[in-house]
$ cat final.txt   # compact mmCIF, C-alpha atoms and all ligand atoms
# COMPACT_ATOMS: atom_id res chain seq x y z
CA MET A 1 104.58 102.76 107.25
CA LYS A 2 101.55 105.00 107.04
CA ARG A 3 99.92 103.97 103.79
CA ILE A 4 99.95 100.67 101.92
CA ALA A 5 98.32 99.62 98.64
CA VAL A 6 96.81 96.39 97.40
CA LEU A 7 96.20 95.10 93.87
CA THR A 8 94.97 91.93 92.18
CA SER A 9 96.69 90.83 89.00
CA GLY A 10 96.53 88.11 86.33
CA GLY A 11 93.58 85.74 86.03
CA ASP A 12 90.88 86.39 88.62
CA SER A 13 90.50 83.59 91.13
CA PRO A 14 87.71 82.94 93.65
CA GLY A 15 88.84 84.18 97.04
CA MET A 16 90.69 87.24 95.76
CA ASN A 17 87.97 89.40 97.30
CA ALA A 18 88.37 87.67 100.64
CA ALA A 19 92.11 88.43 100.43
CA ILE A 20 91.45 92.11 99.61
CA ARG A 21 89.09 92.29 102.59
CA ALA A 22 91.74 90.78 104.86
CA VAL A 23 94.42 93.21 103.64
CA VAL A 24 92.17 96.25 104.08
CA ARG A 25 90.81 95.33 107.49
CA THR A 26 94.16 94.13 108.87
CA GLY A 27 95.79 97.33 107.63
CA ILE A 28 93.15 99.46 109.34
CA ASN A 29 93.47 97.35 112.49
CA GLN A 30 97.24 97.96 112.47
CA GLY A 31 96.75 101.73 112.04
CA VAL A 32 97.68 102.28 108.37
CA GLU A 33 95.69 103.64 105.45
CA VAL A 34 94.96 101.24 102.62
CA ILE A 35 94.72 102.22 98.95
CA GLY A 36 93.12 99.89 96.39
CA VAL A 37 94.77 99.85 92.96
CA ARG A 38 92.31 99.08 90.16
CA GLN A 39 93.19 96.84 87.18
CA GLY A 40 96.39 95.31 88.52
CA TYR A 41 99.73 96.65 87.32
CA GLN A 42 97.96 98.70 84.66
CA GLY A 43 96.38 100.64 87.50
CA LEU A 44 99.84 101.41 88.91
CA VAL A 45 100.90 102.76 85.50
CA ASP A 46 97.70 104.81 85.13
CA GLY A 47 97.41 105.84 88.79
CA LEU A 48 94.02 104.20 89.37
CA PHE A 49 94.05 104.52 93.15
CA THR A 50 91.03 104.38 95.49
CA PHE A 51 90.95 104.89 99.24
CA MET A 52 89.58 101.78 100.98
CA ASP A 53 87.82 101.90 104.33
CA ALA A 54 86.41 98.96 106.31
CA GLY A 55 83.00 99.43 104.66
CA SER A 56 84.47 99.29 101.15
CA VAL A 57 85.09 95.57 101.60
CA SER A 58 81.74 94.73 103.20
CA GLY A 59 79.78 91.88 101.66
CA ILE A 60 82.56 90.64 99.35
CA ILE A 61 83.96 87.60 101.17
CA ASN A 62 81.46 85.38 99.35
CA ARG A 63 81.92 86.93 95.91
CA GLY A 64 84.10 85.52 93.12
CA GLY A 65 86.17 87.75 90.82
CA THR A 66 87.89 90.81 92.20
CA ILE A 67 86.30 94.14 93.15
CA LEU A 68 89.61 95.82 92.23
CA HIS A 69 89.46 94.29 88.72
CA SER A 70 92.44 92.63 87.13
CA ALA A 71 94.51 92.88 83.96
CA ARG A 72 97.53 91.41 82.24
CA SER A 73 99.34 94.73 81.68
CA MET A 74 101.72 95.12 78.74
CA ASP A 75 102.52 98.75 79.64
CA TYR A 76 104.01 97.76 82.98
CA LYS A 77 106.51 95.55 81.13
CA THR A 78 108.00 98.53 79.26
CA PRO A 79 110.71 100.62 81.00
CA GLU A 80 108.54 103.77 80.65
CA GLY A 81 105.45 102.06 82.06
CA PHE A 82 107.42 100.59 84.94
CA GLN A 83 108.86 104.01 85.81
CA LYS A 84 105.38 105.57 85.70
CA ALA A 85 104.17 102.87 88.11
CA VAL A 86 107.01 103.61 90.55
CA ASP A 87 106.49 107.38 90.27
CA ASN A 88 102.76 107.00 90.89
CA LEU A 89 103.36 104.88 94.00
CA HIS A 90 105.71 107.52 95.42
CA ALA A 91 103.47 110.44 94.42
CA ALA A 92 100.52 108.84 96.24
CA GLY A 93 102.61 108.47 99.42
CA ILE A 94 102.35 104.69 99.31
CA ASP A 95 104.98 102.98 101.50
CA GLY A 96 104.31 99.33 100.66
CA LEU A 97 102.38 97.15 98.21
CA VAL A 98 100.53 93.83 98.53
CA VAL A 99 100.15 91.93 95.23
CA ILE A 100 97.49 89.22 95.15
CA GLY A 101 98.13 86.99 92.14
CA GLY A 102 99.91 84.10 90.45
CA ASN A 103 103.25 83.52 88.76
CA GLY A 104 103.38 86.44 86.31
CA SER A 105 102.06 88.80 88.98
CA GLN A 106 104.74 87.80 91.47
CA ARG A 107 107.36 88.29 88.75
CA GLY A 108 106.09 91.88 88.36
CA ASN A 109 106.28 92.24 92.13
CA TYR A 110 109.88 91.03 92.11
CA GLU A 111 110.74 93.76 89.57
CA LEU A 112 109.44 96.44 91.93
CA HIS A 113 111.39 94.87 94.77
CA THR A 114 114.72 94.65 92.94
CA LYS A 115 114.68 97.46 90.37
CA ALA A 116 112.88 100.13 92.42
CA ASP A 117 113.71 98.88 95.94
CA PHE A 118 110.02 99.26 96.73
CA PRO A 119 108.63 97.34 99.75
CA VAL A 120 106.40 94.62 98.29
CA ILE A 121 104.85 91.39 99.44
CA GLY A 122 102.95 88.75 97.47
CA VAL A 123 99.85 86.72 98.27
CA ALA A 124 99.56 83.35 96.46
CA SER A 125 96.45 83.42 94.31
CA THR A 126 95.74 81.53 91.09
CA ILE A 127 93.31 78.79 90.14
CA ASP A 128 96.26 76.98 88.49
CA ASN A 129 97.96 76.28 91.86
CA ASP A 130 101.31 76.47 90.03
CA LEU A 131 103.08 78.81 92.41
CA TYR A 132 106.30 77.70 94.06
CA GLY A 133 106.08 78.59 97.76
CA SER A 134 102.47 77.59 98.42
CA ASP A 135 101.02 74.08 98.57
CA TYR A 136 97.63 75.57 97.76
CA THR A 137 96.85 78.92 96.17
CA ILE A 138 93.71 80.99 96.59
CA GLY A 139 91.04 79.90 94.08
CA PHE A 140 92.37 76.43 93.33
CA ASP A 141 89.95 74.60 95.62
CA THR A 142 86.96 76.44 94.15
CA ALA A 143 88.09 75.85 90.55
CA VAL A 144 88.57 72.14 91.20
CA ASN A 145 85.13 71.85 92.79
CA THR A 146 83.51 73.81 89.96
CA ALA A 147 85.09 71.54 87.34
CA LEU A 148 84.23 68.47 89.39
CA GLU A 149 80.55 69.33 89.37
CA SER A 150 80.63 69.25 85.56
CA VAL A 151 82.63 66.03 85.51
CA ASP A 152 80.02 64.35 87.73
CA ARG A 153 77.21 65.52 85.42
CA LEU A 154 79.05 64.39 82.30
CA ARG A 155 79.74 61.02 83.93
CA ASP A 156 75.96 60.48 84.14
CA THR A 157 75.64 61.02 80.39
CA ALA A 158 78.75 58.98 79.61
CA THR A 159 77.27 56.07 81.58
CA SER A 160 73.76 56.42 80.15
CA HIS A 161 74.97 56.49 76.54
CA ASP A 162 78.01 54.19 76.81
CA ARG A 163 80.25 57.00 75.63
CA ILE A 164 83.69 58.38 76.12
CA PHE A 165 83.82 61.96 77.41
CA ILE A 166 86.91 64.09 77.02
CA ILE A 167 86.76 66.97 79.51
CA GLU A 168 89.24 69.78 79.00
CA VAL A 169 90.06 71.80 82.11
CA MET A 170 92.23 74.90 82.56
CA GLY A 171 96.00 74.73 82.92
CA ARG A 172 98.10 75.94 79.99
CA SER A 173 101.41 74.87 81.39
CA ARG A 174 100.64 72.97 84.58
CA GLY A 175 98.26 70.14 85.43
CA PHE A 176 97.33 70.67 89.07
CA VAL A 177 93.65 71.33 88.29
CA ALA A 178 93.45 68.34 85.92
CA LEU A 179 95.19 66.02 88.37
CA HIS A 180 92.92 66.90 91.29
CA VAL A 181 89.77 66.85 89.15
CA GLY A 182 90.90 63.52 87.69
CA ILE A 183 91.39 61.91 91.09
CA ALA A 184 88.21 63.35 92.61
CA GLY A 185 86.13 62.59 89.50
CA GLY A 186 87.42 59.04 89.16
CA ALA A 187 88.71 59.67 85.64
CA GLU A 188 89.89 56.64 83.71
CA VAL A 189 92.63 58.68 82.02
CA VAL A 190 94.24 62.02 82.93
CA LEU A 191 96.52 63.90 80.54
CA LEU A 192 98.75 66.67 81.86
CA PRO A 193 101.21 69.11 80.26
CA GLU A 194 103.95 67.60 82.44
CA MET A 195 103.48 64.16 80.81
CA THR A 196 104.62 62.73 77.52
CA TRP A 197 101.67 60.68 76.35
CA LYS A 198 100.79 58.85 73.17
CA LEU A 199 97.39 58.37 71.55
CA ASP A 200 98.15 54.64 71.17
CA GLU A 201 98.61 54.27 74.93
CA VAL A 202 95.33 56.06 75.63
CA VAL A 203 93.55 53.83 73.11
CA ASN A 204 95.13 50.70 74.64
CA THR A 205 93.90 51.72 78.10
CA LEU A 206 90.37 52.25 76.76
CA GLU A 207 90.37 48.95 74.87
CA ALA A 208 91.70 47.04 77.88
CA GLY A 209 88.81 48.44 79.91
CA TYR A 210 86.33 47.51 77.18
CA LYS A 211 87.52 43.89 77.30
CA ARG A 212 86.73 43.87 81.03
CA GLY A 213 83.21 45.06 80.29
CA LYS A 214 83.67 48.79 80.72
CA LYS A 215 81.33 50.81 78.50
CA SER A 216 81.95 54.45 79.39
CA TYR A 217 84.93 56.59 80.21
CA VAL A 218 85.86 60.02 81.48
CA ILE A 219 89.16 61.43 80.27
CA VAL A 220 90.31 64.66 81.93
CA VAL A 221 92.84 66.71 79.97
CA ALA A 222 94.58 69.93 80.91
CA GLU A 223 94.32 72.52 78.13
CA GLY A 224 98.12 72.47 77.80
CA ALA A 225 98.21 68.69 77.26
CA ALA A 226 95.68 68.25 74.48
CA HIS A 227 92.92 70.04 72.64
CA GLY A 228 89.72 68.34 73.82
CA GLU A 229 87.84 68.47 70.49
CA THR A 230 90.81 67.19 68.48
CA LEU A 231 91.49 64.39 70.92
CA ALA A 232 87.82 63.34 70.87
CA LYS A 233 87.94 62.96 67.07
CA GLN A 234 91.19 60.98 67.27
CA VAL A 235 89.89 58.69 70.01
CA GLU A 236 86.61 58.06 68.19
CA ALA A 237 88.44 57.26 64.96
CA ALA A 238 90.87 54.92 66.74
CA THR A 239 88.38 53.07 68.95
CA GLY A 240 85.07 53.30 67.15
CA PHE A 241 83.45 54.38 70.46
CA GLU A 242 81.16 57.37 70.45
CA THR A 243 83.25 60.20 71.92
CA ARG A 244 82.29 63.73 72.96
CA ALA A 245 84.38 66.64 74.14
CA THR A 246 83.47 69.34 76.65
CA VAL A 247 85.75 72.31 77.15
CA LEU A 248 85.01 73.83 80.56
CA GLY A 249 86.99 77.04 79.95
CA HIS A 250 86.36 80.15 82.00
CA VAL A 251 83.45 78.74 84.02
CA GLN A 252 86.25 77.42 86.25
CA ARG A 253 87.51 80.91 87.09
CA GLY A 254 84.50 82.65 88.60
CA GLY A 255 81.91 81.75 91.20
CA THR A 256 81.42 81.67 94.93
CA PRO A 257 84.67 80.74 96.71
CA THR A 258 84.65 77.62 98.85
CA ALA A 259 85.14 77.86 102.60
CA ALA A 260 88.71 76.59 102.19
CA ASP A 261 89.54 79.41 99.75
CA ARG A 262 87.93 82.07 101.95
CA VAL A 263 89.85 80.91 105.02
CA LEU A 264 93.14 80.64 103.10
CA ALA A 265 92.64 84.10 101.55
CA SER A 266 91.81 85.65 104.92
CA GLN A 267 94.87 84.11 106.55
CA LEU A 268 97.33 84.95 103.77
CA GLY A 269 96.01 88.51 103.33
CA GLY A 270 96.18 89.26 107.05
CA PHE A 271 99.63 87.73 107.45
CA ALA A 272 100.96 89.66 104.42
CA VAL A 273 100.01 93.02 105.94
CA ARG A 274 101.45 92.24 109.37
CA HIS A 275 104.65 90.95 107.76
CA LEU A 276 105.01 94.06 105.59
CA LEU A 277 104.44 96.34 108.57
CA ASN A 278 107.10 94.38 110.48
CA GLY A 279 109.60 95.51 107.86
CA LYS A 280 109.68 92.30 105.79
CA ARG A 281 109.58 92.56 102.00
CA GLY A 282 110.26 90.74 98.74
CA VAL A 283 108.53 87.51 99.70
CA LEU A 284 105.45 85.51 98.79
CA VAL A 285 103.06 84.61 101.57
CA GLY A 286 101.76 81.08 101.07
CA GLU A 287 100.73 77.95 102.91
CA GLN A 288 103.07 75.00 103.24
CA ASN A 289 102.52 71.91 105.39
CA HIS A 290 99.49 73.62 106.97
CA ALA A 291 101.51 76.64 108.15
CA ILE A 292 101.68 80.17 106.76
CA THR A 293 105.13 80.62 105.24
CA THR A 294 107.16 83.16 103.27
CA THR A 295 109.36 82.42 100.25
CA PRO A 296 111.67 84.91 98.50
CA LEU A 297 110.01 86.19 95.30
CA GLU A 298 113.08 85.27 93.28
CA GLU A 299 112.55 81.59 94.13
CA VAL A 300 108.84 81.88 93.44
CA TRP A 301 109.15 82.83 89.79
CA SER A 302 112.35 80.94 89.04
CA LYS A 303 111.44 77.56 90.50
CA ASP A 304 108.82 75.06 89.37
CA LYS A 305 106.44 73.57 91.86
CA PRO A 306 106.41 69.81 91.30
CA LEU A 307 103.27 67.72 91.01
CA ASP A 308 102.90 65.18 93.77
CA PRO A 309 104.32 61.90 92.35
CA GLU A 310 102.08 59.86 94.65
CA GLN A 311 99.01 61.59 93.25
CA LEU A 312 100.24 60.92 89.73
CA GLU A 313 100.57 57.23 90.49
CA LEU A 314 97.26 57.17 92.29
CA VAL A 315 95.31 58.54 89.34
CA THR A 316 96.72 55.80 87.10
CA VAL A 317 96.15 52.97 89.57
CA LEU A 318 92.63 54.01 90.51
CA GLY A 319 91.51 54.85 86.98
CA ALA A 320 92.46 51.42 85.60
O1 LIG A 401 96.12 81.45 85.01
C1 LIG A 401 94.76 81.21 85.10
C2 LIG A 401 94.20 80.78 83.76
O2 LIG A 401 92.81 80.59 83.93
C3 LIG A 401 94.83 79.54 83.12
O3 LIG A 401 94.39 78.32 83.66
C4 LIG A 401 94.43 79.73 81.69
O4 LIG A 401 95.29 79.01 80.85
C5 LIG A 401 94.55 81.21 81.52
O5 LIG A 401 94.39 81.78 82.80
C6 LIG A 401 93.54 81.84 80.59
O6 LIG A 401 93.83 83.20 80.49
P1 LIG A 401 92.85 84.27 79.85
O7 LIG A 401 91.69 84.44 80.77
O8 LIG A 401 93.69 85.50 79.77
O9 LIG A 401 92.44 83.73 78.52
$ encode --input "final.txt" --output "structure tokens"
Amino acid sequence: MKRIAVLTSGGDSPGMNAAIRAVVRTGINQGVEVIGVRQGYQGLVDGLFTFMDAGSVSGIINRGGTILHSARSMDYKTPEGFQKAVDNLHAAGIDGLVVIGGNGSQRGNYELHTKADFPVIGVASTIDNDLYGSDYTIGFDTAVNTALESVDRLRDTATSHDRIFIIEVMGRSRGFVALHVGIAGGAEVVLLPEMTWKLDEVVNTLEAGYKRGKKSYVIVVAEGAAHGETLAKQVEAATGFETRATVLGHVQRGGTPTAADRVLASQLGGFAVRHLLNGKRGVLVGEQNHAITTTPLEEVWSKDKPLDPEQLELVTVLGA
């Protein structure tokens, strides 16, 4: 290979820049040219290619977001758009592609691998941490810590005013962020999209705590499990306790990546390039059991990563 490309796709996640830096500098170290594709798969369709040198990734390891920008491209999903993307890759003399992103992004990567037989490799990056093939994904640690800071602040107000706080965190279909924030924030109740839960059970838990003298509560909900504002109204009506909702939203996506995310991103990005240059393709580079691993892209998008059952039990036992 003489020239490889890198793109970031889907929701931005803190540490994506560190991964771009690792891809660019490892590529240069291994003697290949590196092209940055702007705006994810849309940039492949539109041919938004930029030559990256070592200096182009200076001073970004500590920055959230992605210098290459990101998008959720609809054009790429059409047969015409997909063909344009493939043609543009060939026309630019690109021999391999590194895709830094989450589930949807790795699905798009799989399409290039199977339908166009293009050499691709994925790097596990999403704040949701819902990617099969990586115990932790780039950005998850930062997002959890960002949300946790808010939970700690809201706990102060919950305690001072004897209130219930419902805190809605990101996670449309998976509850990894909510589960980790719930454990680390000492939440009394955690509601996840993977659970079937009933308002009555939540109310019973709160009332049981009240009988023991508990006066304030923090309930962490994933956005896919409940709508924070609606739940707050229902809980207040059912318990008579003053209840407030805070929806954290996109504040969880940006911001300075933690050391853990920077190290993970640097390792995965560097490994992905070396692996691609060694002739490997069609896999996701992730971290499992503290080792860098590869998983076929087909498994990545077709399999669900389970929540840790011990953590699920823990959050219930400790929140009681
Ligand atoms: O996948 C990352 C994520 O932040 C999810 O947690 C959230 O549900 C979704 O993206 C929000 O997407 P958008 O920024 O497109 O509204």
$ residues_around --input "final.txt" --residues "Val37 of chain A" --least-positions-apart "2" --cutoff "9 Å" --atoms "all atoms listed in the file" --output "JSON, numbers by chain"
{"A": [5, 6, 7, 8, 35, 39, 40, 41, 42, 43, 44, 47, 48, 49, 50, 51, 68, 69]}
$ residues_near_ligand --input "final.txt" --ligand "ligand LIG 401 (chain A)" --cutoff "10 Å" --atoms "all atoms listed in the file" --output "compact mmCIF listing (two decimals) with C-alpha atoms, keeping the file's coordinate frame"
# COMPACT_ATOMS: atom_id res chain seq x y z
CA GLY A 10 96.53 88.11 86.33
CA GLY A 11 93.58 85.74 86.03
CA ASP A 12 90.88 86.39 88.62
CA SER A 13 90.50 83.59 91.13
CA ALA A 71 94.51 92.88 83.96
CA ARG A 72 97.53 91.41 82.24
CA GLY A 101 98.13 86.99 92.14
CA GLY A 102 99.91 84.10 90.45
CA ASN A 103 103.25 83.52 88.76
CA GLY A 104 103.38 86.44 86.31
CA SER A 125 96.45 83.42 94.31
CA THR A 126 95.74 81.53 91.09
CA ILE A 127 93.31 78.79 90.14
CA ASP A 128 96.26 76.98 88.49
CA ASN A 129 97.96 76.28 91.86
CA ASP A 130 101.31 76.47 90.03
CA GLY A 139 91.04 79.90 94.08
CA PHE A 140 92.37 76.43 93.33
CA ALA A 143 88.09 75.85 90.55
CA VAL A 169 90.06 71.80 82.11
CA MET A 170 92.23 74.90 82.56
CA GLY A 171 96.00 74.73 82.92
CA ARG A 172 98.10 75.94 79.99
CA SER A 173 101.41 74.87 81.39
CA ARG A 174 100.64 72.97 84.58
CA GLY A 175 98.26 70.14 85.43
CA PHE A 176 97.33 70.67 89.07
CA VAL A 177 93.65 71.33 88.29
CA ALA A 222 94.58 69.93 80.91
CA GLU A 223 94.32 72.52 78.13
CA GLY A 224 98.12 72.47 77.80
CA GLY A 249 86.99 77.04 79.95
CA HIS A 250 86.36 80.15 82.00
CA VAL A 251 83.45 78.74 84.02
CA GLN A 252 86.25 77.42 86.25
CA ARG A 253 87.51 80.91 87.09
CA GLY A 254 84.50 82.65 88.60
$ residues_near_point --input "final.txt" --point "(95.7, 59.3, 94.5)" --cutoff "10 Å" --atoms "all atoms listed in the file" --output "number ranges by chain"
A: 179-180, 182-184, 186, 308-319
$ residues_around --input "final.txt" --residues "Ala238 of chain A" --least-positions-apart "3" --cutoff "9 Å" --atoms "only C-alpha atoms" --output "ChimeraX atom specification"
/A:199-200,203,233-235,241
$ atom_distance --input "final.txt" --atom1 "atom CA of Thr159 of chain A" --atom2 "atom CA of Arg212 of chain A"
15.4 Å
$ residues_near_point --input "final.txt" --point "(105.5, 107.3, 90.0)" --cutoff "12 Å" --atoms "all atoms listed in the file" --output "ChimeraX atom specification"
/A:43-48,76,80-94,112,116,118
$ axis_aligned_box --input "final.txt" --around "segment 26-44 of chain A" --padding-each-side "5 Å" --output "JSON"
{"center_x": 96.1, "center_y": 98.9, "center_z": 98.6, "size_x": 17.5, "size_y": 19.5, "size_z": 37.8}
$ residues_around --input "final.txt" --residues "Lys115 of chain A" --least-positions-apart "4" --cutoff "12 Å" --atoms "only C-alpha atoms" --output "NGL selection string"
:A and (79 or 82-83 or 86 or 107-111 or 119-120 or 282)
$ closest_residue --input "final.txt" --among "A:Ser266, A:Thr196, A:Ser134, A:Asn278" --to "Met16 of chain A" --atoms "all atoms listed in the file"
A:Ser266
$ closest_residue --input "final.txt" --among "A:Pro257, A:Gly270, A:Gly228, A:Gly31" --to "Ile164 of chain A" --atoms "only C-alpha atoms"
A:Gly228
$ build_atoms --input "final.txt" --residues "segment 222-251 of chain A" --atoms "N, CA and C atoms" --output "short mmCIF file (atom, residue, chain, number, x, y, z; two decimals), in the frame of the given file"
data_model
loop_
_atom_site.label_atom_id
_atom_site.label_comp_id
_atom_site.auth_asym_id
_atom_site.auth_seq_id
_atom_site.Cartn_x
_atom_site.Cartn_y
_atom_site.Cartn_z
N ALA A 222 94.26 68.52 80.68
CA ALA A 222 94.58 69.93 80.91
C ALA A 222 94.71 70.59 79.54
N GLU A 223 94.31 71.85 79.45
CA GLU A 223 94.32 72.52 78.13
C GLU A 223 95.72 72.52 77.50
N GLY A 224 96.76 72.47 78.34
CA GLY A 224 98.12 72.47 77.80
C GLY A 224 98.59 71.10 77.36
N ALA A 225 97.80 70.05 77.63
CA ALA A 225 98.21 68.69 77.26
C ALA A 225 97.60 68.25 75.95
N ALA A 226 96.36 68.66 75.70
CA ALA A 226 95.68 68.25 74.48
C ALA A 226 94.49 69.17 74.25
N HIS A 227 94.12 69.28 72.99
CA HIS A 227 92.92 70.04 72.64
C HIS A 227 91.76 69.05 72.68
N GLY A 228 90.80 69.30 73.57
CA GLY A 228 89.72 68.34 73.82
C GLY A 228 89.01 67.87 72.56
N GLU A 229 88.61 68.82 71.70
CA GLU A 229 87.84 68.47 70.49
C GLU A 229 88.68 67.58 69.56
N THR A 230 89.93 67.96 69.38
CA THR A 230 90.81 67.19 68.48
C THR A 230 91.00 65.79 69.02
N LEU A 231 91.26 65.70 70.31
CA LEU A 231 91.49 64.39 70.92
C LEU A 231 90.24 63.51 70.80
N ALA A 232 89.07 64.12 70.97
CA ALA A 232 87.82 63.34 70.87
C ALA A 232 87.71 62.71 69.48
N LYS A 233 88.02 63.50 68.45
CA LYS A 233 87.94 62.96 67.07
C LYS A 233 88.95 61.82 66.89
N GLN A 234 90.15 62.01 67.42
CA GLN A 234 91.19 60.98 67.27
C GLN A 234 90.80 59.70 68.01
N VAL A 235 90.26 59.86 69.20
CA VAL A 235 89.89 58.69 70.01
C VAL A 235 88.73 57.95 69.35
N GLU A 236 87.76 58.71 68.84
CA GLU A 236 86.61 58.06 68.19
C GLU A 236 87.06 57.29 66.96
N ALA A 237 87.96 57.92 66.18
CA ALA A 237 88.44 57.26 64.96
C ALA A 237 89.23 55.99 65.31
N ALA A 238 90.01 56.05 66.39
CA ALA A 238 90.87 54.92 66.74
C ALA A 238 90.12 53.78 67.42
N THR A 239 89.06 54.11 68.16
CA THR A 239 88.38 53.07 68.95
C THR A 239 87.03 52.66 68.38
N GLY A 240 86.42 53.56 67.63
CA GLY A 240 85.07 53.30 67.15
C GLY A 240 84.02 53.59 68.21
N PHE A 241 84.43 54.03 69.41
CA PHE A 241 83.45 54.38 70.46
C PHE A 241 82.97 55.81 70.24
N GLU A 242 81.69 56.02 70.53
CA GLU A 242 81.16 57.37 70.45
C GLU A 242 81.88 58.25 71.48
N THR A 243 82.44 59.35 71.02
CA THR A 243 83.25 60.20 71.92
C THR A 243 82.81 61.64 71.81
N ARG A 244 82.67 62.31 72.94
CA ARG A 244 82.29 63.73 72.96
C ARG A 244 83.32 64.51 73.77
N ALA A 245 83.45 65.78 73.39
CA ALA A 245 84.38 66.64 74.14
C ALA A 245 83.62 67.79 74.79
N THR A 246 84.00 68.15 75.99
CA THR A 246 83.47 69.34 76.65
C THR A 246 84.65 70.16 77.15
N VAL A 247 84.68 71.41 76.70
CA VAL A 247 85.75 72.31 77.15
C VAL A 247 85.16 73.21 78.23
N LEU A 248 85.64 73.08 79.46
CA LEU A 248 85.01 73.83 80.56
C LEU A 248 85.38 75.31 80.54
N GLY A 249 86.59 75.64 80.13
CA GLY A 249 86.99 77.04 79.95
C GLY A 249 86.80 77.91 81.18
N HIS A 250 86.36 79.15 80.93
CA HIS A 250 86.36 80.15 82.00
C HIS A 250 85.29 79.95 83.07
N VAL A 251 84.40 78.99 82.91
CA VAL A 251 83.45 78.74 84.02
C VAL A 251 84.22 78.35 85.28
#
